[in-house]
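Listing of input.txt, compact mmCIF, C-alpha atoms and all ligand atoms
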# COMPACT_ATOMS: atom_id res chain seq x y z
CA MET A 1 -44.09 -45.82 -32.23
CA SER A 2 -40.74 -47.46 -31.95
CA ASP A 3 -39.53 -46.81 -28.43
CA THR A 4 -42.26 -47.85 -26.05
CA LEU A 5 -40.32 -47.63 -22.82
CA THR A 6 -38.97 -44.11 -22.59
CA THR A 7 -42.12 -42.27 -21.57
CA TRP A 8 -42.65 -43.97 -18.24
CA PRO A 9 -41.72 -41.58 -15.39
CA ASP A 10 -38.71 -43.75 -14.48
CA ALA A 11 -37.18 -45.38 -17.59
CA LYS A 12 -35.64 -48.03 -15.32
CA ARG A 13 -39.11 -49.02 -14.05
CA PRO A 14 -41.40 -49.33 -17.09
CA GLY A 15 -44.97 -50.01 -16.01
CA VAL A 16 -44.74 -47.83 -12.90
CA PRO A 17 -46.78 -44.59 -13.18
CA LEU A 18 -46.34 -41.14 -11.73
CA ASN A 19 -47.17 -41.14 -8.00
CA PRO A 20 -46.97 -44.95 -7.68
CA GLY A 21 -47.88 -44.78 -3.99
CA GLN A 22 -51.41 -43.58 -4.82
CA ASP A 23 -54.34 -45.42 -6.40
CA GLY A 24 -55.60 -43.67 -9.50
CA TRP A 25 -56.47 -43.58 -13.19
CA HIS A 26 -53.75 -43.04 -15.80
CA TRP A 27 -53.61 -42.39 -19.56
CA LEU A 28 -51.62 -44.89 -21.61
CA ILE A 29 -51.18 -45.27 -25.37
CA ASP A 30 -50.35 -48.39 -27.34
CA TRP A 31 -48.28 -49.01 -30.46
CA ASN A 32 -51.31 -48.23 -32.68
CA ASP A 33 -51.80 -44.84 -31.00
CA LYS A 34 -54.89 -46.18 -29.23
CA LEU A 35 -55.57 -44.49 -25.90
CA HIS A 36 -56.19 -46.57 -22.79
CA VAL A 37 -57.28 -45.49 -19.34
CA ARG A 38 -56.13 -47.93 -16.70
CA TYR A 39 -56.37 -47.97 -12.93
CA TRP A 40 -53.21 -48.27 -10.83
CA PHE A 41 -54.21 -50.14 -7.68
CA VAL A 42 -51.56 -50.05 -4.97
CA GLY A 43 -53.23 -52.62 -2.75
CA GLY A 44 -53.76 -55.33 -5.37
CA VAL A 45 -53.00 -56.16 -9.00
CA PRO A 46 -51.56 -52.77 -10.06
CA TRP A 47 -52.91 -52.73 -13.64
CA TYR A 48 -55.52 -54.77 -15.47
CA GLY A 49 -53.40 -56.43 -18.17
CA ASN A 50 -49.80 -56.00 -19.23
CA VAL A 51 -49.10 -52.35 -19.95
CA VAL A 52 -45.30 -52.37 -19.94
CA ARG A 53 -45.16 -52.03 -23.76
CA TYR A 54 -47.55 -49.07 -23.70
CA ARG A 55 -46.30 -45.52 -23.46
CA TYR A 56 -47.26 -43.63 -20.35
CA LEU A 57 -48.99 -40.25 -20.88
CA GLY A 58 -49.89 -39.19 -17.34
CA PRO A 59 -52.49 -39.32 -14.60
CA VAL A 60 -56.13 -38.68 -15.48
CA LEU A 61 -56.95 -35.26 -14.08
CA THR A 62 -60.33 -34.00 -12.96
CA PRO A 63 -61.58 -30.71 -14.46
CA ALA A 64 -60.75 -29.03 -11.14
CA GLU A 65 -57.18 -30.39 -11.27
CA VAL A 66 -56.77 -29.15 -14.86
CA ALA A 67 -58.11 -25.71 -13.89
CA ALA A 68 -55.74 -25.58 -10.91
CA ALA A 69 -52.76 -26.56 -13.05
CA VAL A 70 -53.59 -23.89 -15.64
CA ALA A 71 -54.09 -21.26 -12.93
CA GLU A 72 -50.76 -22.19 -11.32
CA ALA A 73 -48.90 -22.05 -14.64
CA ARG A 74 -50.45 -18.64 -15.39
CA ARG A 75 -49.59 -17.32 -11.92
CA ALA A 76 -45.99 -18.55 -12.22
CA ALA A 77 -45.59 -16.94 -15.66
CA LEU A 78 -47.03 -13.62 -14.44
CA GLU A 79 -44.80 -13.61 -11.37
CA GLU A 80 -41.72 -14.38 -13.45
CA ALA A 81 -42.60 -11.53 -15.80
CA ALA A 82 -43.19 -9.15 -12.86
CA GLN A 83 -39.82 -10.00 -11.36
CA GLN A 84 -38.04 -9.14 -14.61
CA ILE A 85 -39.38 -5.57 -14.61
CA GLU A 86 -36.62 -3.22 -13.44
CA CYS A 87 -38.20 -0.74 -11.04
CA GLY A 88 -34.93 0.25 -9.38
CA CYS A 89 -35.69 -1.16 -5.94
CA ASP A 90 -32.62 -2.26 -4.02
CA PRO A 91 -33.00 -5.50 -2.03
CA ALA A 92 -33.77 -3.72 1.27
CA ARG A 93 -36.49 -1.54 -0.29
CA ARG A 94 -37.90 -4.55 -2.12
CA ALA A 95 -38.11 -6.42 1.22
CA ALA A 96 -39.91 -3.41 2.77
CA VAL A 97 -42.42 -3.39 -0.10
CA VAL A 98 -43.17 -7.08 0.36
CA ALA A 99 -43.36 -6.73 4.18
CA ALA A 100 -46.00 -3.95 4.02
CA PRO A 101 -49.64 -5.12 4.16
CA PRO A 102 -50.99 -6.10 0.72
CA ASN A 103 -53.02 -3.40 -1.07
CA SER A 104 -51.97 -0.79 1.52
CA ALA A 105 -50.74 2.71 0.88
CA ALA A 106 -47.54 1.76 2.71
CA ARG A 107 -46.85 -0.96 0.15
CA TRP A 108 -47.67 1.18 -2.88
CA ASN A 109 -45.61 4.11 -1.50
CA ALA A 110 -42.58 2.05 -0.49
CA CYS A 111 -41.16 2.09 -4.02
CA GLY A 112 -40.85 5.25 -6.05
CA ALA A 113 -41.38 3.49 -9.38
CA ALA A 114 -44.76 3.72 -11.11
CA TYR A 115 -44.71 -0.06 -11.31
CA CYS A 116 -42.71 -1.91 -8.69
CA CYS A 117 -41.62 -5.45 -9.46
CA ALA A 118 -41.87 -6.41 -5.77
CA ILE A 119 -45.49 -5.18 -5.62
CA GLY A 120 -46.28 -6.99 -8.85
CA ALA A 121 -44.85 -10.28 -7.69
CA ALA A 122 -46.47 -10.02 -4.25
CA ALA A 123 -49.83 -9.07 -5.77
CA ILE A 124 -49.69 -12.07 -8.08
CA ARG A 125 -48.86 -14.36 -5.14
CA ALA A 126 -51.80 -12.86 -3.20
CA LEU A 127 -54.14 -13.50 -6.16
CA ALA A 128 -53.19 -17.17 -6.12
CA LYS A 129 -54.38 -17.40 -2.50
CA GLU A 130 -57.91 -16.15 -3.16
CA PRO A 131 -60.62 -18.58 -2.03
CA GLY A 132 -61.40 -21.05 -4.78
CA ASP A 133 -57.91 -20.87 -6.26
CA ALA A 134 -55.48 -23.72 -5.91
ZN ZN A 201 -39.78 -1.36 -6.74
The structure given in the file should be rewritten as structure tokens.
Amino acid sequence: MSDTLTTWPDAKRPGVPLNPGQDGWHWLIDWNDKLHVRYWFVGGVPWYGNVVRYRYLGPVLTPAEVAAAVAEARRAALEEAAQQIECGCDPARRAAVVAAPPNSAARWNACGAAYCCAIGAAAIRALAKEPGDA
């Protein structure tokens, strides 16, 4: 590891983690590729020890935070794919599809295409709002 300063969120502020206004655990790595978990404490000594020469990897996430991040990335990828399908809807028809109640006949009949990109994108957004999802 030669450059130890470029992986901090702000290269001009080495030693300052992501979300510096919040207390929390963060992953760091030293010049021997040894991992360290250190606590950023806003109200006191920010780190235990000098970590400026370490590289910053990111905040320590809980399993629930990891699951939420994966679900959000999957949802975003599916929605992007849905929006690239060409169903032939003009903008006004697409707006009517999205305005109709989810999973209603009105929504599914608003577009003549067998698979409507507006329905697909709206359905994916609705899935992300199910209880238990992030
Ligand atoms: Zn359509």
### Query
Using only C-alpha atoms, which residue out of A:Trp108, A:Trp31, A:Trp40, A:Tyr48 lies closest to Val16 in chain A?
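Nearest candidate to Val16 in chain A out of A:Trp108, A:Trp31, A:Trp40, A:Tyr48: A:Trp40.
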### Message
ligand ZN 201 (chain A): which residues are within 8 Å, counting all atoms listed in the file? Reply as a PyMOL selection string.
### Response
chain A and resi 86-90+93-94+97+110-113+115-119
### Message
For a test of reading the model, state the distance in Å between CA of Asp33 in chain A and CA of Ala11 in chain A, rounded to one decimal.
### Response
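Separation of CA of Asp33 in chain A and CA of Ala11 in chain A: 19.8 Å.
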Box centre and edge lengths (Å, one decimal), axis-aligned, range 96-100 of chain A plus 8 Å each side, as AutoDock Vina command-line options:
--center_x -43.0 --center_y -5.2 --center_z 2.0 --size_x 22.1 --size_y 19.7 --size_z 20.3
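Take CA of Arg125 in chain A and CA of Leu18 in chain A: the distance between them is 27.7 Å.
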### Message
What's the separation between CA of Ala64 in chain A and CA of Arg13 in chain A, in Å to one decimal place?
### Response
29.6 Å
Skip His36 in chain A itself and residues of its chain fewer than 4 positions away, then list as a PDB file with C-alpha atoms, in the frame of the given file all residues within 12 Å of it, counting all atoms listed in the file.
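Everything below was put into part35.pdb:
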ATOM      1  CA  TRP A  25     -56.470 -43.580 -13.190  1.00  0.00           C
ATOM      2  CA  HIS A  26     -53.750 -43.040 -15.800  1.00  0.00           C
ATOM      3  CA  TRP A  27     -53.610 -42.390 -19.560  1.00  0.00           C
ATOM      4  CA  LEU A  28     -51.620 -44.890 -21.610  1.00  0.00           C
ATOM      5  CA  ILE A  29     -51.180 -45.270 -25.370  1.00  0.00           C
ATOM      6  CA  ASP A  30     -50.350 -48.390 -27.340  1.00  0.00           C
ATOM      7  CA  TRP A  31     -48.280 -49.010 -30.460  1.00  0.00           C
ATOM      8  CA  ASN A  32     -51.310 -48.230 -32.680  1.00  0.00           C
ATOM      9  CA  TRP A  47     -52.910 -52.730 -13.640  1.00  0.00           C
ATOM     10  CA  TYR A  48     -55.520 -54.770 -15.470  1.00  0.00           C
ATOM     11  CA  GLY A  49     -53.400 -56.430 -18.170  1.00  0.00           C
ATOM     12  CA  ASN A  50     -49.800 -56.000 -19.230  1.00  0.00           C
ATOM     13  CA  VAL A  51     -49.100 -52.350 -19.950  1.00  0.00           C
ATOM     14  CA  TYR A  54     -47.550 -49.070 -23.700  1.00  0.00           C
ATOM     15  CA  ARG A  55     -46.300 -45.520 -23.460  1.00  0.00           C
ATOM     16  CA  TYR A  56     -47.260 -43.630 -20.350  1.00  0.00           C
ATOM     17  CA  LEU A  57     -48.990 -40.250 -20.880  1.00  0.00           C
ATOM     18  CA  GLY A  58     -49.890 -39.190 -17.340  1.00  0.00           C
ATOM     19  CA  PRO A  59     -52.490 -39.320 -14.600  1.00  0.00           C
ATOM     20  CA  VAL A  60     -56.130 -38.680 -15.480  1.00  0.00           C
TER      21      VAL A  60
END
### Query
Pick the closest to Phe41 in chain A from A:Gly21, A:Ala121, A:Glu72, A:Arg53: which is it, counting all atoms listed in the file?
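Result for the nearest residue to Phe41 in chain A: A:Gly21.
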### Task
Determine the nearest neighbour of Gly44 in chain A from the options A:Ala92, A:Thr62, A:Asp23, A:Asn109, counting only C-alpha atoms.
A:Asp23
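With only C-alpha atoms as the atoms that count, the minimum distance from Val37 in chain A to the choices A:Leu61, A:Ser104, A:Ala69, A:Asn19 is reached by A:Leu61.
Restricting the calculation to only C-alpha atoms, the smallest distance between Arg75 in chain A and any of A:Pro14, A:Gly120, A:Val42, A:Pro20 is found for A:Gly120.
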